[in-house]
Each structure stands twice: as structure tokens, then as C-alpha cells.
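Novice: Handing over input32.cif, mmCIF, C-alpha atoms (C1' of nucleotides).
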data_final
loop_
_atom_site.label_atom_id
_atom_site.label_comp_id
_atom_site.auth_asym_id
_atom_site.auth_seq_id
_atom_site.Cartn_x
_atom_site.Cartn_y
_atom_site.Cartn_z
CA MET M 749 11.09 10.38 -35.44
CA ASN M 750 13.38 9.02 -32.83
CA ALA M 751 15.08 11.63 -30.95
CA PRO M 752 18.14 9.77 -29.76
CA ILE M 753 17.38 8.35 -26.41
CA VAL M 754 18.94 11.12 -24.54
CA THR M 755 19.28 9.99 -21.05
CA PRO M 756 18.54 13.28 -19.43
CA ALA M 757 21.26 14.55 -17.19
CA LEU M 758 20.40 13.24 -13.80
CA THR M 759 20.74 15.18 -10.62
CA LYS M 760 22.83 13.78 -7.84
CA ASN M 761 19.88 12.31 -5.99
CA GLN M 762 18.41 10.84 -9.13
CA SER M 763 21.72 9.17 -9.98
CA LEU M 764 22.05 7.70 -6.53
CA VAL M 765 18.55 6.25 -6.60
CA PHE M 766 18.99 4.94 -10.11
CA ASP M 767 22.24 3.33 -9.09
CA VAL M 768 20.62 1.45 -6.26
CA LEU M 769 18.03 0.10 -8.66
CA THR M 770 20.46 -0.91 -11.37
CA ARG M 771 22.63 -2.75 -8.86
CA ALA M 772 19.69 -4.61 -7.34
CA ASP M 773 18.68 -7.99 -8.70
CA ALA M 774 15.15 -7.66 -7.42
CA PRO M 775 12.60 -4.90 -6.88
CA VAL M 776 13.45 -2.43 -4.15
CA SER M 777 11.02 -0.46 -2.04
CA ALA M 778 11.34 3.27 -1.57
CA TYR M 779 12.21 2.90 2.09
CA THR M 780 14.85 0.30 1.35
CA ILE M 781 16.36 2.71 -1.12
CA LEU M 782 16.30 5.34 1.59
CA ASP M 783 18.15 3.04 3.97
CA ARG M 784 20.75 2.21 1.37
CA LEU M 785 21.41 5.88 0.75
CA ARG M 786 21.67 7.12 4.31
CA ASP M 787 25.42 7.12 4.01
CA HIS M 788 25.06 9.42 1.04
CA GLY M 789 23.09 11.96 2.98
CA PHE M 790 19.55 10.80 2.43
CA ARG M 791 17.40 11.48 5.45
CA ALA M 792 13.77 11.57 4.32
CA PRO M 793 11.42 9.54 2.11
CA LEU M 794 10.67 12.53 -0.05
CA GLN M 795 14.19 12.64 -1.32
CA VAL M 796 13.64 9.13 -2.63
CA TYR M 797 10.13 9.62 -3.93
CA ARG M 798 11.03 12.77 -5.82
CA ALA M 799 13.86 10.99 -7.57
CA LEU M 800 11.65 7.99 -8.28
CA ASP M 801 9.01 10.24 -9.83
CA LYS M 802 11.50 11.78 -12.19
CA LEU M 803 13.12 8.50 -13.14
CA THR M 804 9.71 7.04 -13.85
CA GLU M 805 8.86 10.06 -15.95
CA PHE M 806 12.10 9.51 -17.89
CA GLY M 807 11.12 5.89 -18.45
CA MET M 808 14.28 4.69 -16.74
CA ILE M 809 12.56 2.74 -14.02
CA HIS M 810 9.26 0.99 -13.46
CA ARG M 811 7.01 0.77 -10.48
CA LEU M 812 5.62 -2.67 -9.69
CA GLU M 813 2.14 -2.00 -8.43
CA SER M 814 1.56 -5.38 -6.87
CA LEU M 815 4.75 -5.01 -4.84
CA ASN M 816 4.96 -1.31 -4.09
CA ALA M 817 8.52 -1.48 -5.28
CA PHE M 818 10.69 -0.34 -8.14
CA VAL M 819 13.01 -1.82 -10.75
CA ALA M 820 15.34 -0.34 -13.33
CA CYS M 821 14.03 -0.71 -16.85
CA ALA M 822 15.47 -3.85 -18.39
CA HIS M 823 15.55 -2.51 -21.93
CA ARG M 824 18.61 -0.42 -21.69
CA ASN M 825 19.28 1.89 -24.62
CA SER M 826 16.43 0.64 -26.81
CA GLU M 827 13.35 2.81 -27.09
CA CYS M 828 11.51 0.59 -24.73
CA CYS M 829 9.38 2.42 -22.34
CA GLY M 830 9.13 5.90 -23.58
CA GLY M 831 9.63 8.99 -21.60
CA GLY M 832 7.55 12.07 -21.03
CA SER M 833 6.84 12.74 -24.66
CA GLY M 834 7.17 10.36 -27.61
CA HIS M 835 6.55 7.01 -26.04
CA GLY M 836 8.62 4.12 -27.20
CA HIS M 837 6.67 1.00 -27.68
CA GLY M 838 3.65 0.27 -25.63
CA THR M 839 2.99 -1.44 -22.39
CA VAL M 840 5.55 -3.50 -20.60
CA ALA M 841 4.63 -6.63 -18.69
CA PHE M 842 6.39 -8.18 -15.72
CA ALA M 843 6.72 -11.73 -14.47
CA ILE M 844 7.61 -11.64 -10.81
CA CYS M 845 8.88 -14.67 -8.95
CA ASP M 846 7.35 -14.81 -5.49
CA SER M 847 10.14 -17.04 -4.32
CA CYS M 848 13.40 -15.50 -5.48
CA GLY M 849 12.09 -12.05 -6.34
CA HIS M 850 13.48 -12.06 -9.84
CA VAL M 851 11.57 -9.97 -12.34
CA SER M 852 11.37 -10.55 -16.09
CA GLU M 853 10.30 -7.58 -18.12
CA PHE M 854 8.81 -8.22 -21.53
CA HIS M 855 6.59 -6.78 -24.17
CA ASP M 856 3.94 -8.41 -26.30
CA ASP M 857 2.44 -6.57 -29.24
CA LYS M 858 -0.57 -8.80 -29.49
CA VAL M 859 -1.52 -8.27 -25.88
CA ASP M 860 -0.97 -4.60 -26.32
CA HIS M 861 -3.16 -4.39 -29.40
CA ARG M 862 -5.81 -6.54 -27.87
CA LEU M 863 -6.14 -4.30 -24.85
CA GLY M 864 -5.97 -1.27 -27.10
CA ASP M 865 -8.82 -2.64 -29.17
CA TRP M 866 -10.93 -3.15 -26.11
CA ALA M 867 -10.27 0.42 -25.06
CA LYS M 868 -11.09 1.78 -28.47
CA ALA M 869 -14.32 -0.16 -28.59
CA LYS M 870 -15.34 1.23 -25.21
CA GLY M 871 -14.17 4.76 -25.80
CA PHE M 872 -11.69 4.38 -22.96
CA LYS M 873 -8.53 6.47 -23.19
CA PRO M 874 -5.67 4.51 -21.63
CA ALA M 875 -2.98 6.47 -19.85
CA LYS M 876 -0.98 3.73 -18.18
CA THR M 877 -1.38 -0.01 -18.26
CA THR M 878 -0.11 -2.42 -15.66
CA ILE M 879 0.51 -6.10 -16.39
CA GLU M 880 2.09 -8.15 -13.65
CA ILE M 881 2.24 -11.91 -13.41
CA ARG M 882 3.04 -13.21 -9.96
CA GLY M 883 4.19 -16.79 -9.68
CA LEU M 884 7.28 -18.96 -9.67
CA CYS M 885 10.13 -18.65 -12.09
CA HIS M 886 11.64 -21.61 -13.88
CA GLY M 887 14.32 -22.15 -11.29
CA CYS M 888 12.03 -21.86 -8.27
CA ALA M 889 9.15 -23.91 -9.71
CA ALA M 890 11.38 -26.97 -9.91
CA MET P 1052 -30.10 -6.15 7.99
CA ASN P 1053 -29.95 -7.42 4.51
CA ALA P 1054 -29.56 -11.12 4.01
CA PRO P 1055 -26.42 -11.70 2.00
CA ILE P 1056 -26.64 -12.94 -1.55
CA VAL P 1057 -26.23 -16.64 -2.22
CA THR P 1058 -22.66 -17.95 -2.64
CA PRO P 1059 -20.74 -19.44 0.28
CA ALA P 1060 -22.23 -18.72 3.67
CA LEU P 1061 -20.57 -15.55 4.79
CA THR P 1062 -19.89 -14.56 8.35
CA LYS P 1063 -21.39 -11.36 9.65
CA ASN P 1064 -18.24 -9.34 9.09
CA GLN P 1065 -17.74 -10.76 5.63
CA SER P 1066 -21.32 -9.87 4.70
CA LEU P 1067 -20.94 -6.35 5.95
CA VAL P 1068 -17.74 -5.78 4.03
CA PHE P 1069 -19.14 -7.36 0.90
CA ASP P 1070 -22.23 -5.19 1.20
CA VAL P 1071 -20.15 -2.04 1.30
CA LEU P 1072 -18.37 -3.10 -1.86
CA THR P 1073 -21.49 -4.08 -3.77
CA ARG P 1074 -23.16 -0.79 -2.94
CA ALA P 1075 -20.15 1.27 -3.99
CA ASP P 1076 -19.86 2.52 -7.54
CA ALA P 1077 -16.10 2.82 -7.35
CA PRO P 1078 -13.24 1.02 -5.63
CA VAL P 1079 -13.13 1.38 -1.86
CA SER P 1080 -10.05 1.28 0.34
CA ALA P 1081 -9.86 -0.90 3.42
CA TYR P 1082 -9.84 2.09 5.71
CA THR P 1083 -12.85 3.61 4.01
CA ILE P 1084 -14.66 0.34 4.51
CA LEU P 1085 -13.67 0.49 8.15
CA ASP P 1086 -15.12 3.97 8.49
CA ARG P 1087 -18.35 2.95 6.83
CA LEU P 1088 -18.75 0.07 9.24
CA ARG P 1089 -18.00 1.80 12.51
CA ASP P 1090 -21.70 1.98 13.22
CA HIS P 1091 -21.83 -1.77 12.85
CA GLY P 1092 -19.19 -2.31 15.47
CA PHE P 1093 -16.03 -2.29 13.41
CA ARG P 1094 -13.14 -0.81 15.32
CA ALA P 1095 -9.91 -2.08 13.77
CA PRO P 1096 -8.38 -2.52 10.33
CA LEU P 1097 -7.88 -6.21 10.88
CA GLN P 1098 -11.58 -6.84 11.00
CA VAL P 1099 -11.74 -5.44 7.49
CA TYR P 1100 -8.62 -7.09 6.15
CA ARG P 1101 -9.62 -10.51 7.40
CA ALA P 1102 -12.97 -10.25 5.68
CA LEU P 1103 -11.33 -8.94 2.51
CA ASP P 1104 -8.93 -11.88 2.49
CA LYS P 1105 -11.75 -14.37 2.67
CA LEU P 1106 -13.89 -12.64 0.08
CA THR P 1107 -10.92 -12.54 -2.26
CA GLU P 1108 -10.33 -16.21 -1.66
CA PHE P 1109 -13.98 -16.86 -2.53
CA GLY P 1110 -13.54 -14.88 -5.73
CA MET P 1111 -16.28 -12.49 -4.73
CA ILE P 1112 -14.15 -9.37 -4.77
CA HIS P 1113 -11.01 -8.12 -6.47
CA ARG P 1114 -8.12 -6.08 -5.24
CA LEU P 1115 -6.96 -3.29 -7.53
CA GLU P 1116 -3.23 -3.22 -7.08
CA SER P 1117 -2.64 0.16 -8.63
CA LEU P 1118 -5.18 1.71 -6.28
CA ASN P 1119 -4.79 -0.27 -3.06
CA ALA P 1120 -8.55 -0.62 -3.10
CA PHE P 1121 -11.21 -3.23 -3.61
CA VAL P 1122 -14.25 -3.84 -5.82
CA ALA P 1123 -16.99 -6.43 -5.87
CA CYS P 1124 -16.63 -8.86 -8.74
CA ALA P 1125 -18.72 -7.62 -11.63
CA HIS P 1126 -19.63 -11.05 -12.90
CA ARG P 1127 -22.36 -11.83 -10.48
CA ASN P 1128 -23.61 -15.41 -10.26
CA SER P 1129 -21.54 -16.71 -13.15
CA GLU P 1130 -18.44 -18.68 -12.21
CA CYS P 1131 -16.31 -15.84 -13.31
CA CYS P 1132 -13.30 -15.49 -11.20
CA GLY P 1133 -12.96 -18.75 -9.50
CA GLY P 1134 -12.63 -19.36 -5.84
CA GLY P 1135 -10.26 -21.45 -3.83
CA SER P 1136 -10.85 -24.57 -5.87
CA GLY P 1137 -12.18 -24.90 -9.43
CA HIS P 1138 -11.27 -21.63 -11.04
CA GLY P 1139 -13.77 -20.12 -13.37
CA HIS P 1140 -12.24 -18.53 -16.38
CA GLY P 1141 -8.81 -16.98 -16.29
CA THR P 1142 -7.47 -13.58 -15.57
CA VAL P 1143 -9.69 -10.57 -15.26
CA ALA P 1144 -8.67 -7.14 -16.50
CA PHE P 1145 -9.77 -3.76 -15.23
CA ALA P 1146 -10.16 -0.39 -16.88
CA ILE P 1147 -10.09 2.28 -14.21
CA CYS P 1148 -11.18 5.85 -14.88
CA ASP P 1149 -8.87 8.27 -13.11
CA SER P 1150 -11.51 10.95 -13.27
CA CYS P 1151 -14.77 9.40 -12.11
CA GLY P 1152 -13.35 6.30 -10.51
CA HIS P 1153 -15.55 3.93 -12.45
CA VAL P 1154 -14.11 0.47 -13.05
CA SER P 1155 -14.91 -1.84 -15.95
CA GLU P 1156 -14.07 -5.46 -15.41
CA PHE P 1157 -13.55 -7.64 -18.45
CA HIS P 1158 -11.91 -10.76 -19.67
CA ASP P 1159 -10.05 -11.45 -22.87
CA ASP P 1160 -9.15 -14.99 -23.85
CA LYS P 1161 -6.54 -13.95 -26.36
CA VAL P 1162 -4.68 -11.84 -23.85
CA ASP P 1163 -4.93 -14.62 -21.36
CA HIS P 1164 -3.56 -17.22 -23.77
CA ARG P 1165 -0.86 -14.93 -24.95
CA LEU P 1166 0.46 -14.34 -21.47
CA GLY P 1167 0.05 -18.02 -20.74
CA ASP P 1168 2.14 -18.86 -23.77
CA TRP P 1169 4.88 -16.54 -22.67
CA ALA P 1170 4.90 -18.15 -19.25
CA LYS P 1171 4.98 -21.64 -20.70
CA ALA P 1172 7.87 -20.73 -22.98
CA LYS P 1173 9.84 -19.37 -20.04
CA GLY P 1174 8.95 -22.10 -17.60
CA PHE P 1175 7.23 -19.54 -15.40
CA LYS P 1176 4.35 -20.82 -13.26
CA PRO P 1177 1.76 -18.03 -12.93
CA ALA P 1178 -0.17 -17.82 -9.71
CA LYS P 1179 -1.99 -14.53 -10.09
CA THR P 1180 -2.04 -12.05 -12.93
CA THR P 1181 -2.88 -8.38 -12.64
CA ILE P 1182 -4.04 -6.31 -15.61
CA GLU P 1183 -5.12 -2.76 -14.91
CA ILE P 1184 -5.60 0.02 -17.42
CA ARG P 1185 -5.66 3.48 -15.89
CA GLY P 1186 -7.08 6.26 -18.03
CA LEU P 1187 -10.28 8.11 -18.82
CA CYS P 1188 -13.61 6.47 -19.47
CA HIS P 1189 -15.79 7.39 -22.41
CA GLY P 1190 -17.77 9.92 -20.44
CA CYS P 1191 -14.80 11.62 -18.84
CA ALA P 1192 -12.59 11.67 -21.95
CA ALA P 1193 -15.07 13.94 -23.71
"C1'" DT Y 1076 17.72 42.25 -11.48
"C1'" DG Y 1077 13.66 40.55 -10.86
"C1'" DG Y 1078 10.92 36.69 -11.83
"C1'" DC Y 1079 10.60 31.91 -12.88
"C1'" DA Y 1080 11.47 27.02 -12.76
"C1'" DC Y 1081 13.37 23.45 -10.48
"C1'" DA Y 1082 15.87 20.62 -7.27
"C1'" DC Y 1083 16.60 20.11 -2.57
"C1'" DG Y 1084 15.94 19.54 2.68
"C1'" DT Y 1085 12.96 19.06 6.82
"C1'" DT Y 1086 9.03 18.20 9.69
"C1'" DA Y 1087 4.77 16.46 10.07
"C1'" DT Y 1088 1.01 13.78 8.77
"C1'" DA Y 1089 -1.88 10.67 6.08
"C1'" DG Y 1090 -2.91 6.16 4.28
"C1'" DC Y 1091 -2.19 1.08 3.88
"C1'" DA Y 1092 -1.21 -3.45 6.11
"C1'" DT Y 1093 0.18 -6.99 9.47
"C1'" DA Y 1094 2.12 -9.12 14.07
"C1'" DA Y 1095 0.92 -11.10 18.24
"C1'" DC Y 1096 -2.04 -12.04 21.83
"C1'" DG Y 1097 -6.22 -14.18 23.81
"C1'" DC Y 1098 -11.24 -15.37 23.75
"C1'" DA Y 1099 -15.51 -17.49 21.77
"C1'" DA Y 1100 -18.10 -20.42 18.77
"C1'" DT Y 1101 -18.30 -24.50 15.77
"C1'" DT Y 1102 -17.43 -28.97 14.40
"C1'" DG Y 1103 -16.64 -33.65 14.61
"C1'" DA Y 1104 -14.40 -37.77 16.13
"C1'" DT Y 1105 -14.11 -40.50 20.20
"C1'" DA U 1453 -21.08 -35.56 26.40
"C1'" DT U 1454 -16.29 -34.08 25.90
"C1'" DC U 1455 -12.08 -32.98 24.18
"C1'" DA U 1456 -9.31 -31.19 20.50
"C1'" DA U 1457 -8.88 -28.82 16.28
"C1'" DT U 1458 -10.33 -25.17 13.53
"C1'" DT U 1459 -12.01 -20.87 12.52
"C1'" DG U 1460 -13.62 -16.34 13.34
"C1'" DC U 1461 -13.46 -12.44 16.31
"C1'" DG U 1462 -11.62 -8.33 18.98
"C1'" DT U 1463 -7.76 -5.48 20.70
"C1'" DT U 1464 -3.32 -3.28 20.99
"C1'" DA U 1465 0.65 -2.21 18.93
"C1'" DT U 1466 3.56 -1.65 15.21
"C1'" DG U 1467 5.51 -1.24 10.62
"C1'" DC U 1468 5.50 0.05 5.82
"C1'" DT U 1469 4.15 3.25 1.99
"C1'" DA U 1470 3.28 7.94 0.40
"C1'" DT U 1471 2.34 12.89 0.40
"C1'" DA U 1472 1.42 17.83 2.39
"C1'" DA U 1473 3.32 22.03 3.45
"C1'" DC U 1474 6.91 24.86 4.33
"C1'" DG U 1475 11.24 27.09 3.20
"C1'" DT U 1476 16.10 27.39 0.89
"C1'" DG U 1477 19.34 27.66 -2.88
"C1'" DT U 1478 20.62 27.88 -7.72
"C1'" DG U 1479 20.59 28.75 -12.58
"C1'" DC U 1480 18.45 30.91 -16.32
"C1'" DC U 1481 17.09 34.65 -19.18
"C1'" DA U 1482 13.82 38.27 -20.52
#
Would you mind writing the structure in this file as C-alpha cells?
Specialist:
Amino acid sequence: MNAPIVTPALTKNQSLVFDVLTRADAPVSAYTILDRLRDHGFRAPLQVYRALDKLTEFGMIHRLESLNAFVACAHRNSECCGGGSGHGHGTVAFAICDSCGHVSEFHDDKVDHRLGDWAKAKGFKPAKTTIEIRGLCHGCAA
Amino acid sequence: MNAPIVTPALTKNQSLVFDVLTRADAPVSAYTILDRLRDHGFRAPLQVYRALDKLTEFGMIHRLESLNAFVACAHRNSECCGGGSGHGHGTVAFAICDSCGHVSEFHDDKVDHRLGDWAKAKGFKPAKTTIEIRGLCHGCAA
DNA sequence: TGGCACACGTTATAGCATAACGCAATTGAT
DNA sequence: ATCAATTGCGTTATGCTATAACGTGTGCCA
């Protein structure tokens, strides 16, 4: 059932954007990505957004809705997030430190099932689920 | 003019904004609220945002992060969402129909505890948790 | 070799949110 | 009463986030 997780061949722009995200230790906004890629020829937001769209579609990055920013998927190589077709496992949750910006990505089957059960009971067809916990990480809560 | 519902005494602007949200059958953006209140003297986004901030603080409305829009709290009169001080029950989740825009607000203790347990295990101190399921409601999924 | 799909580049515009200033009304302790 | 602190209000200006609409180039393959 598992097609090997073929990382699709990325275009130049997609690689550049993905690189910025993998190097970052915190979420990065689209416009910050743009600024960091000006030296590589990026001039307009659309160049960034188009790459972000594709990378999201590939399941290689995530958008943090409460931040309007993006992170590389933490579950490298495992069938974490699923791409366009055969989704990996379900929803991913994020714990975001409001102080240092660090993001922990995790998955919880029980939460997933619980929300799925609610949807089933209501006849709601989920397409994408967002779970984001804002707060203070262990280090910053000290 | 309609007298506002009970709850904390609202200022005029807060009442007007809250009214717009209670009348709406779908989430409303700040700028849409602004447009709907021009006849009542609203001229600038800040008038809306300031009211929204307060209403959020009072627990009377919710912000939908994945939509950049706002809804009135569905749990009228019960101490659902908690205000500045004594919080009502925990996190609220939303199911948002991408077709008709309808939003169902619900709460699930198990999900709440589960996420709480994760946080406790990691030493993460949650401040605000967002759970939003985008998809198609029963009627629209037909 | 013509049509298609897709990435790319550019300009312009739309939509969301806050900074910084000053004024007015309220409260509440002196 | 009066002053000071607080809070809400209004305005202008600005910044950040995202997409529309147009056209170009390239590779594929029927």
C-alpha cells in the first residue's frame, strides 16, 4: 500500500523555499522567505506562495494557521503527513511556544479518532484539521 | 437600537460588533463587520478590532484562525468559554463547512484531556488551543 | 507540430492587522 | 470638588498576508 515516499523532484524555486524552512528553527512567514531569497532572484510574493502551495500539497511543509507562517514537516521520511493522494496518518498537532517560537509537531491517534467520531456522528466530511496549542515550552515556562 | 444581551456591560461599539456577529449565520471578517457598521458611524478598522479584542476577552466571541474571521460563541448563557478570569470549560472545537460556511462549535473532554496530557508530559504550558476542522457539512456533502 | 500541462515572472490589487497620536468620559481616592 | 489614572474612542498612516490577471518559456506526446 505504501508507495515509497517519493519526494517528488522539486523545482528550483520549491527547493529554495523548502531549504529556508528546513534551516529555520521556528516558523517563517511567506514574506520573510521572500526576503531571504532575494539574493537567489526572488522578487515577488507569488514566487513564494506558489512554492509553498506545492510543498504543502506534497506534505513536506505545514502551515500554522494561528501564525500565518510555515514550518518544514518534522517527520522526515516516515509517512507522516500524506501527500496529494494516499494520506499517511491523520492529523498533526502543533505546540507553539509564544516566547521562543519553537514548534513541536506531534500526532495523537486518540484525538484523531475522537474528532473523526464527532464528524461521523454529524455527517461532517473533514478535509483538513488544524490543531495548534499556543503557550510556553518547557524551557520558557521556567 | 437593540439593547444588548446580558453579560458584561458592553460599550456601544462592542454591542454593535457583537450584534453583527450574533445575526450572522457564518463567520464574519473584521473588514466585513466594518462595512456593515459604516451606517452606525464606524470608519476605521481599529474600531472593529478593539471591540473584537474585548469581546474575545469576555469569551463572547471566537476567532477562527484558519479563516481570519469571527463568530459569536454558540454556547449562549452557559459559562462555556470562559472570560478573563474563571474559565468555563476547556477548549472549544469548530467544524467549518467550506461550502456553506456554517460553523458548528463543540467541546470534547477526551480531546481536551488528551492534549492536556501531552502538554503535561512535555512540560508545555498551554495558553490557548485552536481546533478547527475544515470540510463539508452534512447538507453540503450530499 | 500542434495542443496541453506546468512552472515561472511581473504588475497590480485585495484583504487582514496594528502603530502612534490625541481627545473625551469615567472612576475613585484625596 | 479636583486631580490622576484608566479606559474607550476616533483618525491617519502604515505594515503584513495573499491572490488576480496577464504573459512567457519549456517539455511532453498524441
Novice: Give me, as a tab-separated table, the closest atom pair and its distance (Å, one decimal) for every residue of chain P within a cut-off of 7 Å of chain M, counting all atoms listed in the file, rows sorted by chain and rising number.
Specialist:
residue	atom	partner	partner_atom	distance
P:Glu1116	CA	M:Ser814	CA	5.3
P:Ser1117	CA	M:Glu813	CA	5.2
P:Val1162	CA	M:Val859	CA	5.2
P:Arg1165	CA	M:Val859	CA	6.8
P:Lys1173	CA	M:His886	CA	6.8
P:Gly1174	CA	M:His886	CA	4.6
P:Phe1175	CA	M:Cys885	CA	4.5
P:Lys1176	CA	M:Leu884	CA	5.0
P:Pro1177	CA	M:Gly883	CA	4.2
P:Ala1178	CA	M:Gly883	CA	4.5
P:Lys1179	CA	M:Arg882	CA	5.2
P:Thr1180	CA	M:Ile881	CA	4.3
P:Thr1181	CA	M:Glu880	CA	5.1
P:Ile1182	CA	M:Ile879	CA	4.6
P:Glu1183	CA	M:Thr878	CA	5.1
P:Ile1184	CA	M:Thr877	CA	4.3
P:Arg1185	CA	M:Lys876	CA	5.2
P:Gly1186	CA	M:Pro874	CA	4.2
P:Leu1187	CA	M:Lys873	CA	5.0
P:Cys1188	CA	M:Phe872	CA	4.5
P:His1189	CA	M:Gly871	CA	4.6
P:Ala1192	CA	M:Lys873	CA	6.7
Novice: Least-squares superposition of chain P on chain M, all Cα atoms, in-order pairing: what RMSD comes out, in Å?
Specialist: 4.4 Å
Novice: Quote the spacing between CA of Leu1088 in chain P and C1' of DT1464 in chain U in Å to one decimal place.
Specialist: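 Interatomic distance here is 19.7 Å.
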Novice: Check which residues of chain M sit at most 9 Å from chain U using all atoms listed in the file, and return one row each with the closest pair of atoms and their distance in Å to one decimal, ordered by chain and rising number, as JSON lines.
Specialist:
{"residue": "M:Ser777", "atom": "CA", "partner": "U:DT1469", "partner_atom": "C1'", "distance": 8.8}
{"residue": "M:Ala778", "atom": "CA", "partner": "U:DT1469", "partner_atom": "C1'", "distance": 8.0}
{"residue": "M:Tyr779", "atom": "CA", "partner": "U:DT1469", "partner_atom": "C1'", "distance": 8.1}
{"residue": "M:Pro793", "atom": "CA", "partner": "U:DA1470", "partner_atom": "C1'", "distance": 8.5}
{"residue": "M:Leu794", "atom": "CA", "partner": "U:DT1471", "partner_atom": "C1'", "distance": 8.3}
{"residue": "M:Tyr797", "atom": "CA", "partner": "U:DA1470", "partner_atom": "C1'", "distance": 8.3}
{"residue": "M:Asn816", "atom": "CA", "partner": "U:DT1469", "partner_atom": "C1'", "distance": 7.6}
Novice: Please find the residues of chain Y near chain P - the criterion being any atom within 9 Å, counting all atoms listed in the file - and write them as a list in words.
Specialist: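 Close enough to count are DG1090, DC1091, DA1092 and DT1093 of chain Y.
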Novice: For CA of Phe1069 in chain P and C1' of DA1099 in chain Y, determine how far apart the two atoms are, in Å to one decimal place.
Specialist: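 It comes out at 23.5 Å.
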Novice: Would you compute the distance between CA of Ala774 in chain M and CA of Gly789 in chain M? Give it in Å to one decimal.
Specialist: 23.6 Å
Novice: What box, with edges along x, y and z, holds each listed atom of range 1084-1089 of chain Y when 8 Å is added on every side, and can you state its centre and edge lengths in Å to one decimal, as AutoDock Vina command-line options?
Specialist:
--center_x 7.0 --center_y 15.1 --center_z 6.4 --size_x 33.8 --size_y 24.9 --size_z 23.4
Novice: Between M:Gln762, M:Phe790, M:Pro756, M:Thr770, which has the minimum distance to Cys821 in chain M (counting only C-alpha atoms)?
Specialist: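 Closest to Cys821 in chain M, using only C-alpha atoms: M:Thr770.
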